[in-house]
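This is start.cif. It holds mmCIF, C-alpha atoms.
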```
data_model
loop_
_atom_site.label_atom_id
_atom_site.label_comp_id
_atom_site.auth_asym_id
_atom_site.auth_seq_id
_atom_site.Cartn_x
_atom_site.Cartn_y
_atom_site.Cartn_z
CA MET T 1 -15.27 25.44 31.24
CA ASN T 2 -12.31 25.99 33.51
CA THR T 3 -9.80 23.48 34.83
CA ASP T 4 -11.56 23.19 38.19
CA ASN T 5 -14.65 21.91 36.49
CA VAL T 6 -12.66 19.32 34.57
CA ASN T 7 -11.17 18.14 37.80
CA THR T 8 -14.61 17.55 39.30
CA LEU T 9 -15.25 14.91 36.66
CA ASN T 10 -14.11 11.45 37.52
CA GLU T 11 -12.00 9.43 35.15
CA ARG T 12 -14.88 7.18 34.27
CA ILE T 13 -17.01 10.06 32.97
CA THR T 14 -14.20 11.64 30.93
CA ASP T 15 -13.45 8.20 29.53
CA LEU T 16 -17.06 7.74 28.46
CA ILE T 17 -17.12 11.18 26.88
CA GLN T 18 -13.88 10.52 25.01
CA SER T 19 -15.30 7.23 23.77
CA GLU T 20 -18.38 9.02 22.51
CA VAL T 21 -16.30 11.70 20.78
CA ASP T 22 -14.23 8.99 19.09
CA GLY T 23 -17.29 7.00 18.08
CA VAL T 24 -16.51 3.94 20.16
CA LEU T 25 -18.94 4.31 23.05
CA ALA T 26 -20.34 0.88 23.85
CA ALA T 27 -24.11 0.55 23.73
CA SER T 28 -24.02 -0.72 27.28
CA ASP T 29 -22.39 2.53 28.42
CA ARG T 30 -24.84 4.92 26.80
CA ASP T 31 -27.26 5.05 29.71
CA GLU T 32 -24.46 5.69 32.17
CA LEU T 33 -23.18 8.60 30.09
CA LYS T 34 -26.70 9.94 29.63
CA THR T 35 -27.27 9.92 33.38
CA ALA T 36 -23.91 11.60 34.04
CA LEU T 37 -24.62 14.32 31.50
CA ALA T 38 -28.09 14.92 32.92
CA SER T 39 -26.77 15.39 36.42
CA SER T 40 -23.51 17.29 35.80
CA ALA T 41 -23.07 20.66 34.17
CA ALA T 42 -19.33 20.06 34.19
CA ALA T 43 -19.77 16.84 32.24
CA ARG T 44 -21.97 18.57 29.68
CA ALA T 45 -19.50 21.41 29.27
CA PHE T 46 -16.58 19.02 28.93
CA ARG T 47 -18.46 16.98 26.35
CA ASP T 48 -19.33 20.10 24.34
CA GLU T 49 -15.71 21.19 24.34
CA MET T 50 -14.41 17.82 23.27
CA LEU T 51 -16.96 17.57 20.48
CA HIS T 52 -16.08 21.07 19.34
CA LEU T 53 -12.36 20.32 19.38
CA ALA T 54 -12.87 17.06 17.52
CA LYS T 55 -14.95 18.87 14.92
CA ILE T 56 -12.18 21.43 14.37
CA LEU T 57 -9.45 18.78 14.14
CA ASN T 58 -11.42 16.40 11.96
CA GLY T 59 -12.39 19.27 9.70
CA MET T 60 -8.83 20.15 8.77
CA LYS T 61 -8.28 19.81 5.05
CA GLU T 62 -5.87 17.15 3.86
CA LEU T 63 -2.87 18.56 2.06
CA ASP T 64 -2.42 17.67 -1.56
CA LEU T 65 0.68 15.73 -2.42
CA PRO T 66 3.48 18.05 -3.60
CA ALA T 67 4.01 17.97 -7.34
CA GLY T 68 6.60 15.42 -8.34
CA LEU T 69 6.70 13.59 -5.02
CA ASN T 70 5.25 10.40 -6.47
CA ARG T 71 7.91 10.40 -9.20
CA ARG T 72 10.63 11.12 -6.65
CA ILE T 73 9.52 8.19 -4.54
CA LEU T 74 9.23 5.74 -7.42
CA ASP T 75 12.53 6.80 -8.96
CA SER T 76 14.35 6.36 -5.66
CA ILE T 77 13.14 2.85 -4.97
CA GLU T 78 14.98 -0.15 -6.23
CA LEU T 79 13.03 -3.26 -5.54
CA PRO T 80 14.86 -6.18 -3.99
CA SER T 81 16.52 -8.33 -6.61
CA PRO T 82 13.75 -10.44 -8.03
CA ARG T 83 13.97 -13.81 -6.35
CA GLN T 84 13.85 -16.79 -8.68
CA LEU T 85 13.63 -14.48 -11.64
CA PRO T 86 16.29 -14.13 -14.31
CA ALA T 87 18.86 -11.37 -14.44
CA TRP T 88 17.45 -9.96 -17.64
CA LEU T 89 14.36 -8.72 -15.84
CA ARG T 90 14.89 -4.99 -15.88
CA ASN T 91 12.03 -3.03 -17.44
CA TRP T 92 8.50 -3.25 -16.17
CA PHE T 93 5.48 -2.03 -17.98
CA PRO T 94 1.83 -1.66 -16.99
CA PRO T 95 -0.48 -3.79 -19.11
CA ALA T 96 -2.34 -0.72 -20.39
CA SER T 97 0.62 0.28 -22.51
CA TYR T 98 0.10 -2.76 -24.65
CA GLY T 99 -3.66 -2.71 -24.91
CA LEU T 100 -4.04 -1.70 -28.50
CA ALA T 101 -0.71 -2.76 -29.85
CA VAL T 102 0.16 -4.25 -33.16
CA ALA T 103 -2.59 -6.04 -35.03
CA ALA T 104 -2.64 -9.77 -35.25
CA GLY T 105 -2.09 -9.56 -39.00
CA MET T 106 1.63 -9.63 -38.43
CA LEU T 107 1.53 -13.38 -37.93
CA LEU T 108 3.59 -15.09 -40.54
CA SER T 109 3.32 -18.44 -42.22
CA VAL T 110 4.23 -21.52 -40.24
CA GLY T 111 7.08 -23.80 -41.10
CA VAL T 112 7.39 -27.50 -40.60
CA VAL T 113 6.90 -28.41 -36.96
CA LYS T 114 8.68 -31.31 -35.37
CA LEU T 115 8.78 -32.06 -31.68
CA LEU T 116 11.45 -33.89 -29.81
CA PRO T 117 10.46 -37.06 -27.97
CA SER T 118 10.12 -37.03 -24.18
CA THR T 119 9.79 -39.50 -21.34
CA ASP T 120 6.50 -40.58 -19.75
CA ASP T 121 7.36 -38.69 -16.56
CA GLU T 122 7.76 -35.50 -18.48
CA MET T 123 4.29 -35.93 -19.88
CA SER T 124 2.65 -36.17 -16.46
CA SER T 125 0.91 -32.79 -16.48
CA LEU T 126 0.33 -32.42 -20.15
CA VAL T 127 -3.26 -32.26 -21.29
CA GLY T 128 -2.87 -32.54 -25.01
CA THR T 129 -1.18 -31.21 -28.11
CA MET T 130 -1.87 -30.45 -31.72
CA VAL T 131 0.37 -29.45 -34.58
CA LYS T 132 0.09 -28.79 -38.24
CA HIS T 133 2.79 -31.20 -39.25
CA GLY T 134 4.69 -33.92 -37.50
CA GLU T 135 4.54 -35.77 -34.23
CA VAL T 136 3.70 -33.92 -31.03
CA LEU T 137 5.51 -34.87 -27.87
CA PRO T 138 6.29 -31.70 -25.92
CA LYS T 139 8.17 -31.91 -22.66
CA ALA T 140 6.45 -30.88 -19.45
CA SER T 141 6.62 -31.39 -15.72
CA ARG T 142 5.14 -29.91 -12.58
CA GLY T 143 5.88 -26.17 -12.35
CA GLN T 144 7.38 -25.95 -15.81
CA LEU T 145 6.78 -26.59 -19.45
CA ALA T 146 9.44 -27.28 -22.03
CA VAL T 147 8.74 -26.14 -25.58
CA ASP T 148 10.90 -27.78 -28.19
CA LEU T 149 9.41 -27.24 -31.61
CA ALA T 150 11.01 -26.33 -34.88
CA ALA T 151 9.13 -23.04 -34.81
CA VAL T 152 9.66 -22.14 -31.16
CA THR T 153 11.87 -23.40 -28.37
CA GLY T 154 12.35 -22.58 -24.72
CA SER T 155 10.55 -22.94 -21.43
CA VAL T 156 7.66 -21.67 -19.35
CA LEU T 157 8.15 -21.71 -15.58
CA LEU T 158 5.53 -21.11 -12.92
CA LYS T 159 7.05 -19.75 -9.74
CA GLU T 160 5.19 -19.42 -6.48
CA LEU T 161 6.33 -17.21 -3.64
CA ASP T 162 4.29 -16.42 -0.53
CA GLY T 163 1.02 -16.77 -2.38
CA ALA T 164 2.07 -14.70 -5.38
CA MET T 165 2.82 -16.36 -8.69
CA ALA T 166 4.95 -15.46 -11.67
CA LEU T 167 4.73 -17.24 -15.02
CA GLN T 168 8.09 -16.78 -16.67
CA PHE T 169 8.46 -17.24 -20.42
CA ASP T 170 11.81 -17.75 -22.07
CA LEU T 171 11.09 -18.58 -25.68
CA ASP T 172 12.74 -18.10 -29.00
CA SER T 173 11.01 -18.13 -32.34
CA ALA T 174 12.19 -16.95 -35.71
CA GLU T 175 8.66 -16.00 -36.73
CA SER T 176 5.83 -14.45 -34.80
CA VAL T 177 3.94 -16.73 -32.41
CA ASP T 178 0.65 -16.23 -30.59
CA ILE T 179 0.67 -17.42 -26.98
CA ASP T 180 -2.54 -17.95 -25.02
CA ILE T 181 -2.59 -18.54 -21.27
CA GLN T 182 -5.87 -19.79 -19.82
CA LEU T 183 -5.91 -18.14 -16.41
CA ALA T 184 -9.57 -18.27 -15.42
CA ALA T 185 -9.83 -22.00 -16.01
CA ALA T 186 -6.96 -22.44 -13.56
CA GLY T 187 -8.61 -20.18 -10.96
CA LEU T 188 -6.17 -17.35 -11.62
CA GLN T 189 -6.31 -13.78 -12.80
CA PHE T 190 -3.90 -11.37 -14.38
CA GLY T 191 -1.83 -9.30 -11.94
CA GLY T 192 0.89 -7.64 -13.96
CA PHE T 193 3.40 -7.96 -16.77
CA ALA T 194 7.12 -7.49 -17.12
CA ASP T 195 9.19 -7.64 -20.27
CA ASP T 196 12.91 -7.83 -20.87
CA ASN T 197 13.55 -4.87 -23.16
CA GLU T 198 11.71 -4.15 -26.36
CA GLY T 199 8.22 -5.10 -25.31
CA VAL T 200 5.89 -7.57 -26.96
CA SER T 201 3.87 -6.87 -30.08
CA VAL T 202 0.51 -7.62 -28.48
CA LEU T 203 -0.61 -8.10 -24.90
CA GLU T 204 -4.32 -8.67 -24.46
CA VAL T 205 -6.15 -9.56 -21.27
CA SER T 206 -9.75 -10.60 -21.79
CA GLY T 207 -12.22 -13.29 -20.85
CA GLY T 208 -9.93 -14.75 -18.21
CA ASN T 209 -7.19 -15.37 -20.77
CA VAL T 210 -3.99 -13.56 -21.61
CA ARG T 211 -2.72 -13.40 -25.17
CA VAL T 212 0.81 -12.43 -26.09
CA VAL T 213 2.09 -12.09 -29.63
CA ASN T 214 5.77 -11.70 -30.29
CA GLN T 215 8.73 -13.10 -32.12
CA GLY T 216 12.46 -13.52 -31.70
CA SER T 217 13.89 -13.85 -28.21
CA GLN T 218 10.92 -13.62 -25.86
CA GLN T 219 11.55 -13.19 -22.18
CA PHE T 220 8.66 -11.91 -20.16
CA VAL T 221 6.80 -12.58 -16.94
CA LEU T 222 3.10 -12.60 -16.15
CA PHE T 223 2.22 -11.98 -12.52
CA LEU T 224 -0.79 -13.96 -11.44
CA ARG T 225 -3.07 -14.01 -8.46
CA PRO T 226 -5.82 -16.37 -7.39
CA LEU T 227 -9.43 -15.65 -8.22
CA ASP T 228 -11.58 -15.06 -5.16
CA GLY T 229 -13.16 -18.19 -3.75
CA VAL T 230 -10.89 -20.64 -5.55
CA ASN T 231 -9.67 -23.47 -3.36
CA ASP T 232 -6.05 -24.46 -3.00
CA GLY T 233 -6.18 -27.84 -4.69
CA VAL T 234 -3.94 -28.99 -7.51
CA ARG T 235 -4.81 -27.18 -10.73
CA ASP T 236 -3.55 -26.99 -14.29
CA LEU T 237 -2.60 -23.78 -16.05
CA GLY T 238 -3.04 -24.19 -19.78
CA VAL T 239 -0.69 -22.64 -22.33
CA THR T 240 -1.18 -22.81 -26.09
CA ILE T 241 1.05 -21.50 -28.84
CA SER T 242 -0.20 -20.79 -32.33
CA GLN T 243 1.40 -19.70 -35.52
CA ASP T 244 -0.37 -18.50 -38.61
CA SER T 245 -3.70 -19.18 -36.87
CA MET T 246 -2.77 -22.83 -36.38
CA ARG T 247 -2.23 -24.19 -32.89
CA ILE T 248 1.21 -25.77 -32.76
CA PHE T 249 1.53 -26.47 -29.06
CA LYS T 250 -0.74 -27.13 -26.11
CA GLY T 251 0.45 -27.94 -22.63
CA SER T 252 -0.36 -27.31 -19.00
CA ILE T 253 1.52 -26.72 -15.81
CA ALA T 254 0.29 -28.34 -12.63
CA PHE T 255 0.44 -26.23 -9.48
CA GLY T 256 -1.12 -25.78 -6.05
CA GLY T 257 -2.12 -28.45 -3.61
CA MET N 1 -6.55 0.15 3.72
CA ASN N 2 -7.22 -3.42 2.65
CA ASP N 3 -4.95 -5.97 4.33
CA ASN N 4 -5.39 -8.70 1.71
CA ARG N 5 -4.73 -6.35 -1.16
CA ASP N 6 -1.72 -4.88 0.62
CA HIS N 7 -0.25 -8.34 1.19
CA GLU N 8 -0.77 -9.26 -2.44
CA LEU N 9 0.94 -6.07 -3.61
CA ILE N 10 3.82 -6.68 -1.21
CA ASN N 11 4.29 -10.21 -2.50
CA ARG N 12 4.38 -8.92 -6.04
CA CYS N 13 6.91 -6.27 -5.04
CA ARG N 14 9.03 -9.02 -3.55
CA LEU N 15 8.97 -10.65 -6.96
CA GLY N 16 10.16 -7.39 -8.47
CA ASP N 17 6.84 -6.13 -9.85
CA ARG N 18 7.09 -2.35 -10.27
CA VAL N 19 3.41 -2.09 -11.18
CA ALA N 20 2.60 -3.36 -7.69
CA LEU N 21 5.13 -0.92 -6.28
CA GLY N 22 3.34 1.93 -8.01
CA GLN N 23 -0.01 0.83 -6.62
CA LEU N 24 1.30 0.50 -3.09
CA VAL N 25 2.97 3.91 -3.21
CA LYS N 26 -0.17 5.50 -4.63
CA GLU N 27 -2.27 4.03 -1.84
CA TYR N 28 -0.10 5.26 1.00
CA GLU N 29 1.85 8.31 -0.17
CA ARG N 30 -0.87 10.83 0.59
CA PRO N 31 -1.80 9.62 4.09
CA ILE N 32 1.86 9.22 5.02
CA PHE N 33 2.68 12.68 3.69
CA ASN N 34 -0.20 14.21 5.64
CA ALA N 35 0.70 12.42 8.88
CA ALA N 36 4.30 13.55 8.48
CA TYR N 37 3.17 17.11 7.81
CA ARG N 38 1.07 17.16 10.98
CA VAL N 39 4.00 15.93 13.02
CA LEU N 40 6.56 18.23 11.39
CA GLY N 41 4.56 21.29 10.44
CA LYS N 42 6.38 21.85 7.16
CA PRO N 43 5.29 20.44 3.79
CA ASP N 44 8.82 20.31 2.40
CA ASP N 45 10.07 18.35 5.39
CA ALA N 46 7.03 16.08 5.19
CA ALA N 47 7.78 15.38 1.52
CA ASP N 48 11.39 14.47 2.34
CA VAL N 49 10.25 12.21 5.17
CA THR N 50 7.64 10.56 2.96
CA GLN N 51 10.29 9.70 0.40
CA VAL N 52 12.57 8.27 3.07
CA VAL N 53 9.69 6.25 4.56
CA PHE N 54 9.02 4.50 1.27
CA LEU N 55 12.71 3.93 0.70
CA LYS N 56 13.00 2.26 4.09
CA VAL N 57 9.84 0.24 3.60
CA PHE N 58 11.11 -1.25 0.38
CA GLU N 59 14.63 -1.74 1.67
CA ARG N 60 13.16 -3.73 4.55
CA LEU N 61 10.45 -5.52 2.65
CA ASP N 62 11.91 -8.88 3.54
CA GLN N 63 11.60 -7.98 7.22
CA TYR N 64 7.88 -7.29 6.96
CA ASN N 65 5.82 -9.89 8.79
CA PRO N 66 2.50 -10.47 7.00
CA LYS N 67 0.90 -11.49 10.30
CA PHE N 68 0.71 -7.78 11.02
CA LYS N 69 -1.09 -5.04 9.14
CA PHE N 70 1.06 -3.34 6.53
CA PHE N 71 -0.41 0.07 7.32
CA SER N 72 0.60 -0.28 10.99
CA TRP N 73 4.13 -1.03 9.87
CA ILE N 74 4.41 1.85 7.40
CA TYR N 75 2.79 4.30 9.81
CA ARG N 76 5.22 3.26 12.50
CA ILE N 77 8.16 3.86 10.18
CA ALA N 78 6.63 7.20 9.18
CA ILE N 79 6.10 8.40 12.74
CA ASN N 80 9.60 7.38 13.79
CA GLU N 81 11.12 8.99 10.74
CA ALA N 82 9.18 12.22 11.29
CA ILE N 83 10.23 12.42 14.93
CA ASN N 84 13.85 11.71 14.02
CA HIS N 85 13.73 14.36 11.34
CA ARG N 86 12.27 16.85 13.77
CA ASN N 87 14.88 16.08 16.39
CA ARG N 88 17.62 16.63 13.85
CA THR N 89 16.25 20.05 12.92
CA ARG N 90 14.77 21.08 16.26
CA ASN N 91 16.99 24.10 16.89
CA GLU N 92 16.21 25.90 13.68
CA GLN N 93 12.49 25.19 14.03
CA THR N 94 12.11 26.55 17.54
CA LEU N 95 12.68 30.14 16.50
CA GLU N 96 10.21 29.93 13.65
CA GLU N 97 7.52 28.43 15.84
CA GLU N 98 7.81 31.17 18.42
CA GLN N 99 6.81 33.67 15.78
CA PHE N 100 3.30 32.21 15.61
CA VAL N 101 2.44 32.42 19.26
CA SER N 102 1.42 36.02 19.59
CA VAL N 103 -1.22 35.93 16.86
CA GLU N 104 -4.77 35.99 18.22
CA ASN N 105 -8.13 35.94 16.47
CA PRO N 106 -11.58 34.74 17.38
CA GLU N 107 -12.70 31.63 15.49
CA SER N 108 -15.63 33.43 13.88
CA SER N 109 -13.37 35.88 12.10
CA LEU N 110 -10.85 33.29 10.97
CA ASN N 111 -10.79 31.96 7.49
CA ALA N 112 -10.05 28.30 6.94
CA GLU N 113 -6.40 28.97 6.26
CA GLN N 114 -5.91 30.92 9.47
CA LEU N 115 -7.73 28.29 11.49
CA ALA N 116 -5.55 25.62 9.92
CA ASP N 117 -2.48 27.61 10.90
CA PHE N 118 -3.67 27.87 14.50
CA VAL N 119 -4.45 24.19 14.67
CA GLN N 120 -1.08 23.24 13.23
CA ASP N 121 0.62 25.67 15.59
CA GLY N 122 -1.27 24.13 18.50
CA LEU N 123 -0.16 20.68 17.40
CA MET N 124 3.44 21.81 17.32
CA LYS N 125 3.11 22.98 20.92
CA LEU N 126 2.30 19.47 22.06
CA GLN N 127 5.07 17.20 23.19
CA GLU N 128 5.76 14.61 20.54
CA ASP N 129 4.08 11.60 22.14
CA TYR N 130 0.90 13.63 22.58
CA ARG N 131 1.09 15.13 19.11
CA VAL N 132 1.49 11.75 17.49
CA VAL N 133 -1.68 10.30 19.01
CA VAL N 134 -3.69 13.36 17.96
CA VAL N 135 -2.30 13.08 14.44
CA LEU N 136 -3.07 9.38 14.15
CA ARG N 137 -6.53 9.76 15.65
CA HIS N 138 -7.78 12.94 14.01
CA PHE N 139 -5.76 13.24 10.82
CA SER N 140 -5.08 9.61 9.95
CA ASP N 141 -8.42 8.45 11.37
CA LEU N 142 -6.95 5.43 13.13
CA SER N 143 -8.79 3.63 15.92
CA TYR N 144 -7.41 3.27 19.43
CA GLN N 145 -6.39 -0.27 18.54
CA ASP N 146 -4.66 0.82 15.35
CA ILE N 147 -2.79 3.59 17.18
CA SER N 148 -1.80 1.05 19.81
CA ASP N 149 -0.43 -1.22 17.07
CA VAL N 150 1.45 1.58 15.34
CA LEU N 151 3.06 2.98 18.48
CA HIS N 152 3.40 -0.30 20.35
CA ILE N 153 1.73 1.12 23.44
CA PRO N 154 -1.35 -0.14 25.31
CA GLU N 155 -4.75 1.20 24.28
CA LYS N 156 -5.14 2.64 27.74
CA THR N 157 -2.03 4.74 27.16
CA VAL N 158 -3.42 5.86 23.81
CA LYS N 159 -6.57 7.13 25.51
CA SER N 160 -4.66 8.74 28.33
CA ARG N 161 -2.32 10.59 25.94
CA LEU N 162 -5.26 11.58 23.78
CA TYR N 163 -7.06 13.02 26.78
CA SER N 164 -4.03 15.06 27.88
CA ALA N 165 -3.28 16.22 24.34
CA ARG N 166 -6.86 17.35 23.84
CA GLN N 167 -6.83 19.32 27.07
CA ILE N 168 -3.70 21.16 25.93
CA MET N 169 -5.05 21.74 22.44
CA LYS N 170 -8.33 22.99 23.85
CA ALA N 171 -6.53 25.42 26.15
CA TYR N 172 -4.27 26.61 23.35
CA LEU N 173 -7.17 27.30 21.00
CA ALA N 174 -9.26 28.81 23.79
CA ASP N 175 -6.46 31.25 24.58
CA ARG N 176 -6.72 32.44 20.99
CA GLY N 177 -10.47 32.85 21.14
CA ILE N 178 -11.12 29.84 18.93
CA MET N 179 -12.98 27.77 21.52
#
```
Re-express the file's structure as structure tokens.
Amino acid sequence: MNTDNVNTLNERITDLIQSEVDGVLAASDRDELKTALASSAAARAFRDEMLHLAKILNGMKELDLPAGLNRRILDSIELPSPRQLPAWLRNWFPPASYGLAVAAGMLLSVGVVKLLPSTDDEMSSLVGTMVKHGEVLPKASRGQLAVDLAAVTGSVLLKELDGAMALQFDLDSAESVDIDIQLAAAGLQFGGFADDNEGVSVLEVSGGNVRVVNQGSQQFVLFLRPLDGVNDGVRDLGVTISQDSMRIFKGSIAFGG
Amino acid sequence: MNDNRDHELINRCRLGDRVALGQLVKEYERPIFNAAYRVLGKPDDAADVTQVVFLKVFERLDQYNPKFKFFSWIYRIAINEAINHRNRTRNEQTLEEEQFVSVENPESSLNAEQLADFVQDGLMKLQEDYRVVVVLRHFSDLSYQDISDVLHIPEKTVKSRLYSARQIMKAYLADRGIM
């Protein structure tokens, strides 16, 4: 078709033909286009050309990514300084790297457990505790959980930012402890893991729970996201700590709402 | 492109989650690289631009407004960066492009690689605002509305530029016996 023929088509017809080529022709316009095509050789020729051109362009093969580009990109990007996260947060690891880590047999025997007393306010979001020996009065408050046992001390903080959540652990235990976080019961799911340096001994994600086994200075973050269909009301995120197969701490952090 | 998933990954990146960063890069690196290649015509340049695009995206992550689609934002950065890159290197490219023009073959005798060369050469003949709409429509598979969002131009302008660009492309390919 030559240019003269194109010029005989009015803007409305070329617009309809373009819409058809791009797959956005309204049902209400189909009859109008059909009539125009039936009565105009120029319209038919223009349509054929546009369909042919679109077929050529759409049929062009996508280029594969050059080797090493992904690594180049990732290596060049420094994420913004983590907001509300501690300075030690440096190394990030995908959960898969921990999947089949050290067996649970490394857990050692538990010592005498004694908890420090706390105020009534600090107990507001606690759901219960159990220890092998001694009185259990762990500290807790909304958004955070204080752990002050003979076997393990430190804190667990839940941080929310624009809908994303990070559960930050900063614990210290001389012997190995087994930490369970009950995500599903709180309407949450696992979204990622970050560790300070050496990595944890075990990281398991199953059945809506996350289990971490480690000892010594333990600074790590779990990234959490809401389960689909969960409402925004106030919820409790349960955390338990065990040693030598005996639960020594149970607490919960209230959030949402 | 899933808006909710993108927003979740962005939020995690803002918290410093490099796993989320990896997922976001993996999702967009190939389409951004391909769009940049179609605008620039050179894979090496497209790779450089793709790297810069992601650098800028993550440098400006705090400026991203979640009311808007992330892919519109990253495509906009990519198109601008590709055009800027091309403008910076325009002189050296002009000579190389001229070398393609005299080649002629009918479509039936072309192999896929030759046809791809002709198509890319035809794209490079388009003025940039025409080329960009063709790239976003045919190579990035964006809708009129999406292209409008990326380029910040009315949909009517998208259609108008697309029409003009197609006429030029058609003529270019027809001159080479392809249409």
* Please write the residues picked by the PyMOL selection byres ((chain N) within 7 of (chain T)) on this file as a list of chain:residue names. =>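 When the PyMOL selection byres ((chain N) within 7 of (chain T)) is applied to the shown file, the picked residues are N:Glu8, N:Asn11, N:Arg12, N:Cys13, N:Arg14, N:Leu15, N:Gly16, N:Arg18, N:Val19, N:Arg30, N:Asn34, N:Ala47, N:Gln51, N:Phe54, N:Leu55, N:Phe58, N:Ala116, N:His138, N:Phe139, N:Lys170.
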Apply the PyMOL selection byres ((chain N and resi 122-131) around 9) to the displayed file and report the matching residues as a compact mmCIF listing (two decimals) with C-alpha atoms, keeping the file's coordinate frame.
```txt
# COMPACT_ATOMS: atom_id res chain seq x y z
CA ARG N 38 1.07 17.16 10.98
CA VAL N 39 4.00 15.93 13.02
CA LEU N 40 6.56 18.23 11.39
CA GLY N 41 4.56 21.29 10.44
CA ILE N 83 10.23 12.42 14.93
CA GLU N 97 7.52 28.43 15.84
CA ASP N 117 -2.48 27.61 10.90
CA PHE N 118 -3.67 27.87 14.50
CA VAL N 119 -4.45 24.19 14.67
CA GLN N 120 -1.08 23.24 13.23
CA ASP N 121 0.62 25.67 15.59
CA VAL N 132 1.49 11.75 17.49
CA VAL N 133 -1.68 10.30 19.01
CA VAL N 134 -3.69 13.36 17.96
CA VAL N 135 -2.30 13.08 14.44
CA LEU N 136 -3.07 9.38 14.15
CA VAL N 158 -3.42 5.86 23.81
CA ARG N 161 -2.32 10.59 25.94
CA LEU N 162 -5.26 11.58 23.78
CA SER N 164 -4.03 15.06 27.88
CA ALA N 165 -3.28 16.22 24.34
CA ARG N 166 -6.86 17.35 23.84
CA ILE N 168 -3.70 21.16 25.93
CA MET N 169 -5.05 21.74 22.44
CA LYS N 170 -8.33 22.99 23.85
CA TYR N 172 -4.27 26.61 23.35
CA LEU N 173 -7.17 27.30 21.00
```
* Expand the PyMOL selection byres ((chain N and resi 80) around 12) into the individual residues it matches in the shown file, reporting them as number ranges by chain. => N: 32, 35-36, 39-40, 49-50, 52-53, 56, 73-79, 81-87, 128-129, 132, 150-152
* Rounded to one decimal place, report the CA of Arg12 (chain T)-CA of Ala171 (chain N) distance in Å. => 21.6 Å
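Between CA of Gln182 (chain T) and CA of Phe249 (chain T) there is a distance of 13.6 Å.
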* Asked: Neighbours of Ser252 (chain T) within 6 Å (all atoms listed in the file; same-chain residues fewer than 4 positions away dropped), as an MDAnalysis selection string?
  -> chainID T and resid 126 236:239
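Straight-line separation from CA of Pro226 (chain T) to CA of Gln189 (chain T): 6.0 Å.
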* Contacts of Asp232 (chain T) at 10 Å or less, counting all atoms listed in the file, minus same-chain residues fewer than 4 places along, as a list in words? -> Gly187, Pro226, Phe255, Gly256 and Gly257 of chain T
Put a box with edges along x, y and z around all the listed atoms of region 26-30 of chain N, pad it by 6 Å on each side, then give me its centre and sizes in Å, one decimal, as JSON.
```
{"center_x": -0.2, "center_y": 7.4, "center_z": -1.8, "size_x": 16.1, "size_y": 18.8, "size_z": 17.6}
```
* Could you give me, as a ChimeraX atom specification, the residues that sit within 12 Å of (5.0, -13.9, -27.1) in the file's coordinates, counting all atoms listed in the file? => /T:104,107,152-154,156,168-181,195-196,198-204,210-222,239-243
